[in-house]
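Here's entry-v1.pdb, which has PDB, N, CA and C atoms:
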```
MODEL        1
ATOM      1  N   MET A1005     -12.294  -1.317 166.098
ATOM      2  CA  MET A1005     -12.685  -0.550 167.278
ATOM      3  C   MET A1005     -13.235   0.785 166.807
ATOM      4  N   ARG A1006     -14.295   1.221 167.454
ATOM      5  CA  ARG A1006     -14.884   2.540 167.195
ATOM      6  C   ARG A1006     -14.779   3.366 168.469
ATOM      7  N   MET A1007     -14.658   4.700 168.295
ATOM      8  CA  MET A1007     -14.532   5.591 169.445
ATOM      9  C   MET A1007     -15.581   6.687 169.364
ATOM     10  N   ARG A1008     -15.986   7.127 170.564
ATOM     11  CA  ARG A1008     -16.935   8.232 170.699
ATOM     12  C   ARG A1008     -16.266   9.326 171.510
ATOM     13  N   PHE A1009     -16.273  10.553 171.006
ATOM     14  CA  PHE A1009     -15.705  11.719 171.680
ATOM     15  C   PHE A1009     -16.403  11.935 173.010
ATOM     16  N   LEU A1010     -15.615  12.077 174.092
ATOM     17  CA  LEU A1010     -16.175  12.365 175.412
ATOM     18  C   LEU A1010     -15.995  13.820 175.800
ATOM     19  N   GLY A1011     -14.832  14.376 175.502
ATOM     20  CA  GLY A1011     -14.604  15.762 175.880
ATOM     21  C   GLY A1011     -13.154  16.153 175.805
ATOM     22  N   SER A1012     -12.951  17.471 175.888
ATOM     23  CA  SER A1012     -11.619  18.046 175.813
ATOM     24  C   SER A1012     -11.592  19.330 176.624
ATOM     25  N   THR A1013     -10.423  19.701 177.089
ATOM     26  CA  THR A1013     -10.269  21.000 177.745
ATOM     27  C   THR A1013      -9.559  21.978 176.817
ATOM     28  N   SER A1014      -9.374  21.581 175.574
ATOM     29  CA  SER A1014      -8.643  22.399 174.608
ATOM     30  C   SER A1014      -9.592  23.151 173.690
ATOM     31  N   GLU A1015      -9.088  24.207 173.115
ATOM     32  CA  GLU A1015      -9.837  24.962 172.116
ATOM     33  C   GLU A1015      -9.912  24.149 170.824
ATOM     34  N   ALA A1016     -10.988  24.244 170.094
ATOM     35  CA  ALA A1016     -11.165  23.649 168.768
ATOM     36  C   ALA A1016     -10.957  22.135 168.746
ATOM     37  N   GLY A1017     -11.191  21.458 169.880
ATOM     38  CA  GLY A1017     -11.132  20.006 169.900
ATOM     39  C   GLY A1017      -9.753  19.397 169.780
ATOM     40  N   ALA A1018      -8.713  20.175 169.966
ATOM     41  CA  ALA A1018      -7.358  19.624 169.921
ATOM     42  C   ALA A1018      -7.096  18.844 171.199
ATOM     43  N   CYS A1019      -5.910  18.257 171.301
ATOM     44  CA  CYS A1019      -5.606  17.470 172.500
ATOM     45  C   CYS A1019      -5.399  18.406 173.692
ATOM     46  N   PRO A1020      -5.537  17.931 174.904
ATOM     47  CA  PRO A1020      -5.890  16.577 175.305
ATOM     48  C   PRO A1020      -7.387  16.324 175.177
ATOM     49  N   THR A1021      -7.709  15.103 174.799
ATOM     50  CA  THR A1021      -9.084  14.699 174.547
ATOM     51  C   THR A1021      -9.272  13.267 175.025
ATOM     52  N   LEU A1022     -10.477  12.953 175.505
ATOM     53  CA  LEU A1022     -10.810  11.589 175.909
ATOM     54  C   LEU A1022     -11.900  11.036 174.998
ATOM     55  N   TYR A1023     -11.777   9.726 174.714
ATOM     56  CA  TYR A1023     -12.745   9.008 173.898
ATOM     57  C   TYR A1023     -13.146   7.734 174.625
ATOM     58  N   GLU A1024     -14.379   7.292 174.409
ATOM     59  CA  GLU A1024     -14.856   6.011 174.910
ATOM     60  C   GLU A1024     -14.901   5.056 173.722
ATOM     61  N   THR A1025     -14.454   3.812 173.925
ATOM     62  CA  THR A1025     -14.468   2.853 172.822
ATOM     63  C   THR A1025     -15.646   1.899 172.945
ATOM     64  N   ASP A1026     -15.921   1.207 171.850
ATOM     65  CA  ASP A1026     -16.971   0.197 171.874
ATOM     66  C   ASP A1026     -16.508  -1.079 172.577
ATOM     67  N   ARG A1027     -15.281  -1.075 173.093
ATOM     68  CA  ARG A1027     -14.763  -2.199 173.875
ATOM     69  C   ARG A1027     -14.830  -1.913 175.375
ATOM     70  N   GLY A1028     -15.414  -0.765 175.756
ATOM     71  CA  GLY A1028     -15.529  -0.421 177.169
ATOM     72  C   GLY A1028     -14.267   0.174 177.760
ATOM     73  N   THR A1029     -13.397   0.726 176.906
ATOM     74  CA  THR A1029     -12.158   1.340 177.369
ATOM     75  C   THR A1029     -12.168   2.823 177.033
ATOM     76  N   ILE A1030     -11.185   3.544 177.581
ATOM     77  CA  ILE A1030     -11.018   4.967 177.326
ATOM     78  C   ILE A1030      -9.713   5.171 176.571
ATOM     79  N   VAL A1031      -9.744   6.002 175.541
ATOM     80  CA  VAL A1031      -8.544   6.370 174.787
ATOM     81  C   VAL A1031      -8.217   7.819 175.109
ATOM     82  N   VAL A1032      -6.937   8.065 175.380
ATOM     83  CA  VAL A1032      -6.451   9.405 175.718
ATOM     84  C   VAL A1032      -5.627   9.933 174.560
ATOM     85  N   GLN A1033      -5.992  11.106 174.074
ATOM     86  CA  GLN A1033      -5.219  11.806 173.053
ATOM     87  C   GLN A1033      -4.541  12.978 173.749
ATOM     88  N   GLY A1034      -3.241  13.059 173.640
ATOM     89  CA  GLY A1034      -2.537  14.151 174.285
ATOM     90  C   GLY A1034      -1.074  14.178 173.911
ATOM     91  N   LEU A1035      -0.358  15.065 174.535
ATOM     92  CA  LEU A1035       1.063  15.183 174.269
ATOM     93  C   LEU A1035       1.816  14.066 174.981
ATOM     94  N   ARG A1036       2.712  13.430 174.266
ATOM     95  CA  ARG A1036       3.528  12.356 174.832
ATOM     96  C   ARG A1036       4.485  12.937 175.862
ATOM     97  N   VAL A1037       4.624  12.275 176.990
ATOM     98  CA  VAL A1037       5.588  12.678 178.012
ATOM     99  C   VAL A1037       6.977  12.288 177.504
ATOM    100  N   THR A1038       7.886  13.260 177.464
ATOM    101  CA  THR A1038       9.244  13.001 176.976
ATOM    102  C   THR A1038      10.307  13.293 178.027
ATOM    103  N   ASP A1039       9.920  13.865 179.156
ATOM    104  CA  ASP A1039      10.862  14.188 180.219
ATOM    105  C   ASP A1039      11.454  12.904 180.802
ATOM    106  N   ALA A1040      12.769  12.755 180.735
ATOM    107  CA  ALA A1040      13.446  11.525 181.162
ATOM    108  C   ALA A1040      13.187  11.205 182.636
ATOM    109  N   GLU A1041      13.196  12.213 183.517
ATOM    110  CA  GLU A1041      12.942  11.965 184.935
ATOM    111  C   GLU A1041      11.518  11.469 185.165
ATOM    112  N   ALA A1042      10.557  12.065 184.468
ATOM    113  CA  ALA A1042       9.166  11.630 184.607
ATOM    114  C   ALA A1042       9.009  10.202 184.088
ATOM    115  N   LEU A1043       9.600   9.893 182.955
ATOM    116  CA  LEU A1043       9.502   8.550 182.388
ATOM    117  C   LEU A1043      10.132   7.505 183.300
ATOM    118  N   ALA A1044      11.171   7.886 184.026
ATOM    119  CA  ALA A1044      11.824   6.959 184.953
ATOM    120  C   ALA A1044      10.892   6.576 186.105
ATOM    121  N   ASP A1045       9.878   7.394 186.388
ATOM    122  CA  ASP A1045       8.925   7.100 187.462
ATOM    123  C   ASP A1045       7.850   6.092 187.048
ATOM    124  N   LEU A1046       7.712   5.811 185.758
ATOM    125  CA  LEU A1046       6.699   4.863 185.289
ATOM    126  C   LEU A1046       7.081   3.441 185.669
ATOM    127  N   ARG A1047       6.070   2.607 185.838
ATOM    128  CA  ARG A1047       6.296   1.200 186.202
ATOM    129  C   ARG A1047       5.783   0.286 185.092
ATOM    130  N   ASP A1048       6.508  -0.777 184.850
ATOM    131  CA  ASP A1048       6.050  -1.864 183.982
ATOM    132  C   ASP A1048       5.532  -1.392 182.624
ATOM    133  N   VAL A1049       6.294  -0.538 181.946
ATOM    134  CA  VAL A1049       5.897  -0.048 180.630
ATOM    135  C   VAL A1049       6.191  -1.133 179.596
ATOM    136  N   LEU A1050       5.161  -1.552 178.886
ATOM    137  CA  LEU A1050       5.295  -2.591 177.875
ATOM    138  C   LEU A1050       5.678  -1.978 176.531
ATOM    139  N   ASP A1051       6.217  -2.798 175.636
ATOM    140  CA  ASP A1051       6.498  -2.348 174.275
ATOM    141  C   ASP A1051       5.213  -1.812 173.659
ATOM    142  N   GLY A1052       5.293  -0.679 173.024
ATOM    143  CA  GLY A1052       4.131  -0.068 172.398
ATOM    144  C   GLY A1052       3.367   0.881 173.299
ATOM    145  N   GLU A1053       3.668   0.918 174.587
ATOM    146  CA  GLU A1053       2.994   1.840 175.506
ATOM    147  C   GLU A1053       3.756   3.150 175.593
ATOM    148  N   THR A1054       3.024   4.200 175.911
ATOM    149  CA  THR A1054       3.633   5.496 176.149
ATOM    150  C   THR A1054       2.824   6.207 177.236
ATOM    151  N   ALA A1055       3.369   7.271 177.768
ATOM    152  CA  ALA A1055       2.669   8.088 178.760
ATOM    153  C   ALA A1055       2.160   9.352 178.073
ATOM    154  N   VAL A1056       0.916   9.722 178.408
ATOM    155  CA  VAL A1056       0.290  10.916 177.852
ATOM    156  C   VAL A1056      -0.166  11.778 179.009
ATOM    157  N   GLU A1057       0.107  13.070 178.924
ATOM    158  CA  GLU A1057      -0.263  13.989 180.001
ATOM    159  C   GLU A1057      -1.591  14.667 179.676
ATOM    160  N   VAL A1058      -2.503  14.649 180.664
ATOM    161  CA  VAL A1058      -3.788  15.342 180.532
ATOM    162  C   VAL A1058      -4.064  16.109 181.820
ATOM    163  N   PRO A1059      -4.787  17.212 181.725
ATOM    164  CA  PRO A1059      -5.105  17.965 182.936
ATOM    165  C   PRO A1059      -6.081  17.206 183.831
ATOM    166  N   ARG A1060      -5.910  17.321 185.120
ATOM    167  CA  ARG A1060      -6.798  16.708 186.108
ATOM    168  C   ARG A1060      -8.255  17.122 185.860
ATOM    169  N   GLU A1061      -8.468  18.353 185.469
ATOM    170  CA  GLU A1061      -9.825  18.851 185.248
ATOM    171  C   GLU A1061     -10.553  18.059 184.168
ATOM    172  N   LEU A1062      -9.832  17.618 183.141
ATOM    173  CA  LEU A1062     -10.460  16.834 182.080
ATOM    174  C   LEU A1062     -10.944  15.492 182.620
ATOM    175  N   ILE A1063     -10.118  14.827 183.397
ATOM    176  CA  ILE A1063     -10.493  13.527 183.964
ATOM    177  C   ILE A1063     -11.707  13.669 184.883
ATOM    178  N   THR A1064     -11.686  14.644 185.771
ATOM    179  CA  THR A1064     -12.793  14.791 186.723
ATOM    180  C   THR A1064     -14.078  15.223 186.015
ATOM    181  N   GLU A1065     -13.994  16.062 184.997
ATOM    182  CA  GLU A1065     -15.191  16.484 184.265
ATOM    183  C   GLU A1065     -15.827  15.307 183.530
ATOM    184  N   ILE A1066     -15.025  14.509 182.876
ATOM    185  CA  ILE A1066     -15.562  13.352 182.158
ATOM    186  C   ILE A1066     -16.126  12.338 183.157
ATOM    187  N   ALA A1067     -15.449  12.138 184.283
ATOM    188  CA  ALA A1067     -15.952  11.219 185.304
ATOM    189  C   ALA A1067     -17.321  11.673 185.793
ATOM    190  N   ARG A1068     -17.510  12.960 185.993
ATOM    191  CA  ARG A1068     -18.813  13.481 186.424
ATOM    192  C   ARG A1068     -19.898  13.149 185.398
ATOM    193  N   ARG A1069     -19.534  13.205 184.118
ATOM    194  CA  ARG A1069     -20.515  12.956 183.064
ATOM    195  C   ARG A1069     -20.848  11.483 182.891
ATOM    196  N   VAL A1070     -19.881  10.598 183.085
ATOM    197  CA  VAL A1070     -20.118   9.194 182.756
ATOM    198  C   VAL A1070     -20.441   8.306 183.951
ATOM    199  N   LEU A1071     -20.107   8.722 185.163
ATOM    200  CA  LEU A1071     -20.420   7.901 186.336
ATOM    201  C   LEU A1071     -21.891   8.051 186.700
ATOM    202  N   PRO A1072     -22.503   6.988 187.203
ATOM    203  CA  PRO A1072     -23.885   7.099 187.664
ATOM    204  C   PRO A1072     -24.006   8.172 188.747
ATOM    205  N   ASP A1073     -25.163   8.802 188.823
ATOM    206  CA  ASP A1073     -25.386   9.888 189.783
ATOM    207  C   ASP A1073     -25.173   9.476 191.231
ATOM    208  N   ASP A1074     -25.420   8.205 191.563
ATOM    209  CA  ASP A1074     -25.324   7.790 192.955
ATOM    210  C   ASP A1074     -23.941   7.260 193.338
ATOM    211  N   SER A1075     -22.982   7.293 192.402
ATOM    212  CA  SER A1075     -21.638   6.813 192.756
ATOM    213  C   SER A1075     -20.777   7.980 193.194
ATOM    214  N   VAL A1076     -19.871   7.694 194.107
ATOM    215  CA  VAL A1076     -18.944   8.702 194.599
ATOM    216  C   VAL A1076     -17.542   8.134 194.446
ATOM    217  N   THR A1077     -16.668   8.919 193.839
ATOM    218  CA  THR A1077     -15.285   8.499 193.633
ATOM    219  C   THR A1077     -14.378   9.579 194.186
ATOM    220  N   ALA A1078     -13.335   9.184 194.865
ATOM    221  CA  ALA A1078     -12.390  10.161 195.408
ATOM    222  C   ALA A1078     -11.241  10.339 194.440
ATOM    223  N   PHE A1079     -10.970  11.558 194.073
ATOM    224  CA  PHE A1079      -9.833  11.911 193.247
ATOM    225  C   PHE A1079      -8.896  12.735 194.101
ATOM    226  N   PRO A1080      -7.628  12.330 194.260
ATOM    227  CA  PRO A1080      -6.725  13.123 195.082
ATOM    228  C   PRO A1080      -6.486  14.492 194.457
ATOM    229  N   THR A1081      -6.424  15.482 195.289
ATOM    230  CA  THR A1081      -6.092  16.829 194.822
ATOM    231  C   THR A1081      -4.580  16.956 194.718
ATOM    232  N   SER A1082      -4.107  18.087 194.217
ATOM    233  CA  SER A1082      -2.674  18.254 194.032
ATOM    234  C   SER A1082      -1.895  18.215 195.353
ATOM    235  N   ASP A1083      -2.579  18.478 196.462
ATOM    236  CA  ASP A1083      -1.885  18.417 197.756
ATOM    237  C   ASP A1083      -1.989  17.029 198.384
ATOM    238  N   GLY A1084      -2.608  16.062 197.667
ATOM    239  CA  GLY A1084      -2.655  14.691 198.139
ATOM    240  C   GLY A1084      -3.885  14.313 198.923
ATOM    241  N   THR A1085      -4.749  15.285 199.268
ATOM    242  CA  THR A1085      -5.951  14.953 200.027
ATOM    243  C   THR A1085      -7.065  14.570 199.073
ATOM    244  N   PRO A1086      -7.856  13.537 199.405
ATOM    245  CA  PRO A1086      -8.936  13.123 198.504
ATOM    246  C   PRO A1086     -10.035  14.176 198.413
ATOM    247  N   SER A1087     -10.594  14.286 197.226
ATOM    248  CA  SER A1087     -11.721  15.173 196.993
ATOM    249  C   SER A1087     -12.823  14.327 196.377
ATOM    250  N   ALA A1088     -13.972  14.244 197.027
ATOM    251  CA  ALA A1088     -15.052  13.406 196.516
ATOM    252  C   ALA A1088     -15.816  14.149 195.439
ATOM    253  N   THR A1089     -16.139  13.422 194.368
ATOM    254  CA  THR A1089     -16.975  13.962 193.298
ATOM    255  C   THR A1089     -18.090  12.975 193.050
ATOM    256  N   SER A1090     -19.195  13.468 192.564
ATOM    257  CA  SER A1090     -20.296  12.551 192.236
ATOM    258  C   SER A1090     -20.802  12.836 190.850
TER     259      SER A1090
ENDMDL
END
```
Please, can you express the file's structure as structure tokens?
Amino acid sequence: MRMRFLGSTSEAGACPTLYETDRGTIVVQGLRVTDAEALADLRDVLDGETAVEVPRELITEIARRVLPDDSVTAFPTSDGTPSATS
């Protein structure tokens, strides 16, 4: 598998960072979630999986760059109301 850097919200390219793979998937580099209460909220975690925390701004910025100009996707804001981005 090969990866292409998509972007980061960190200084000097440190995590959190998103990559696109040659398999059509996204790889997330970031700090592993270790909070026991947060981990208890996860569903159906398979062996070898982990949770990684990334800022909402990173996801929405990369989505703006990679989605076609005519597509609209709703991303919920922190208060739960959808916010459309294109």
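Distance-wise, atom N of Val1070 (chain A) and atom N of Leu1010 (chain A) end up 10.1 Å apart.
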Extract, using only N, CA and C atoms, all DNA, RNA and protein residues at most 8 Å from region 1057-1063 of chain A, discarding same-chain residues fewer than 6 positions from it, and format them as a compact mmCIF listing (two decimals) with N, CA and C atoms, keeping the file's coordinate frame.
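Result file is part.txt:
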```txt
# COMPACT_ATOMS: atom_id res chain seq x y z
N GLY A 1011 -14.83 14.38 175.50
CA GLY A 1011 -14.60 15.76 175.88
C GLY A 1011 -13.15 16.15 175.80
N SER A 1012 -12.95 17.47 175.89
CA SER A 1012 -11.62 18.05 175.81
C SER A 1012 -11.59 19.33 176.62
N THR A 1013 -10.42 19.70 177.09
CA THR A 1013 -10.27 21.00 177.74
C THR A 1013 -9.56 21.98 176.82
N CYS A 1019 -5.91 18.26 171.30
CA CYS A 1019 -5.61 17.47 172.50
C CYS A 1019 -5.40 18.41 173.69
N PRO A 1020 -5.54 17.93 174.90
CA PRO A 1020 -5.89 16.58 175.30
C PRO A 1020 -7.39 16.32 175.18
N THR A 1021 -7.71 15.10 174.80
CA THR A 1021 -9.08 14.70 174.55
C THR A 1021 -9.27 13.27 175.02
N LEU A 1022 -10.48 12.95 175.50
CA LEU A 1022 -10.81 11.59 175.91
C LEU A 1022 -11.90 11.04 175.00
N VAL A 1032 -6.94 8.06 175.38
CA VAL A 1032 -6.45 9.40 175.72
C VAL A 1032 -5.63 9.93 174.56
N GLN A 1033 -5.99 11.11 174.07
CA GLN A 1033 -5.22 11.81 173.05
C GLN A 1033 -4.54 12.98 173.75
N GLY A 1034 -3.24 13.06 173.64
CA GLY A 1034 -2.54 14.15 174.28
C GLY A 1034 -1.07 14.18 173.91
N LEU A 1035 -0.36 15.06 174.54
CA LEU A 1035 1.06 15.18 174.27
C LEU A 1035 1.82 14.07 174.98
N ARG A 1036 2.71 13.43 174.27
CA ARG A 1036 3.53 12.36 174.83
C ARG A 1036 4.49 12.94 175.86
N VAL A 1037 4.62 12.28 176.99
CA VAL A 1037 5.59 12.68 178.01
C VAL A 1037 6.98 12.29 177.50
N THR A 1038 7.89 13.26 177.46
CA THR A 1038 9.24 13.00 176.98
C THR A 1038 10.31 13.29 178.03
N ARG A 1069 -19.53 13.20 184.12
CA ARG A 1069 -20.52 12.96 183.06
C ARG A 1069 -20.85 11.48 182.89
```
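For the pair CA of Thr1025 (chain A) and CA of Ala1042 (chain A), the interatomic distance is 27.8 Å.
Picture a line from atom N of Ala1067 (chain A) to CA of Met1007 (chain A); it runs 16.2 Å.
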Where's the centre, and what are the edge lengths in Å to one decimal, of a box along x, y and z enclosing all listed atoms of region 1040-1049 of chain A padded 6 Å per side, as lines of an AutoDock Vina configuration file?
```
center_x = 9.5
center_y = 5.4
center_z = 183.5
size_x = 19.9
size_y = 26.6
size_z = 19.9
```
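Residue membership of the PyMOL selection byres (((chain A and resi 1005 and name CA) around 12) and name CA) in the shown file amounts to A:Arg1006, A:Met1007, A:Arg1008, A:Tyr1023, A:Glu1024, A:Thr1025, A:Asp1026, A:Arg1027, A:Gly1028, A:Thr1029, A:Ile1030, A:Val1031.
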Residue list (strand (DSSP E or B), DSSP) for region 1007-1040 of chain A, as a ChimeraX atom specification: /A:1007-1012,1021-1025,1030-1033,1035-1036
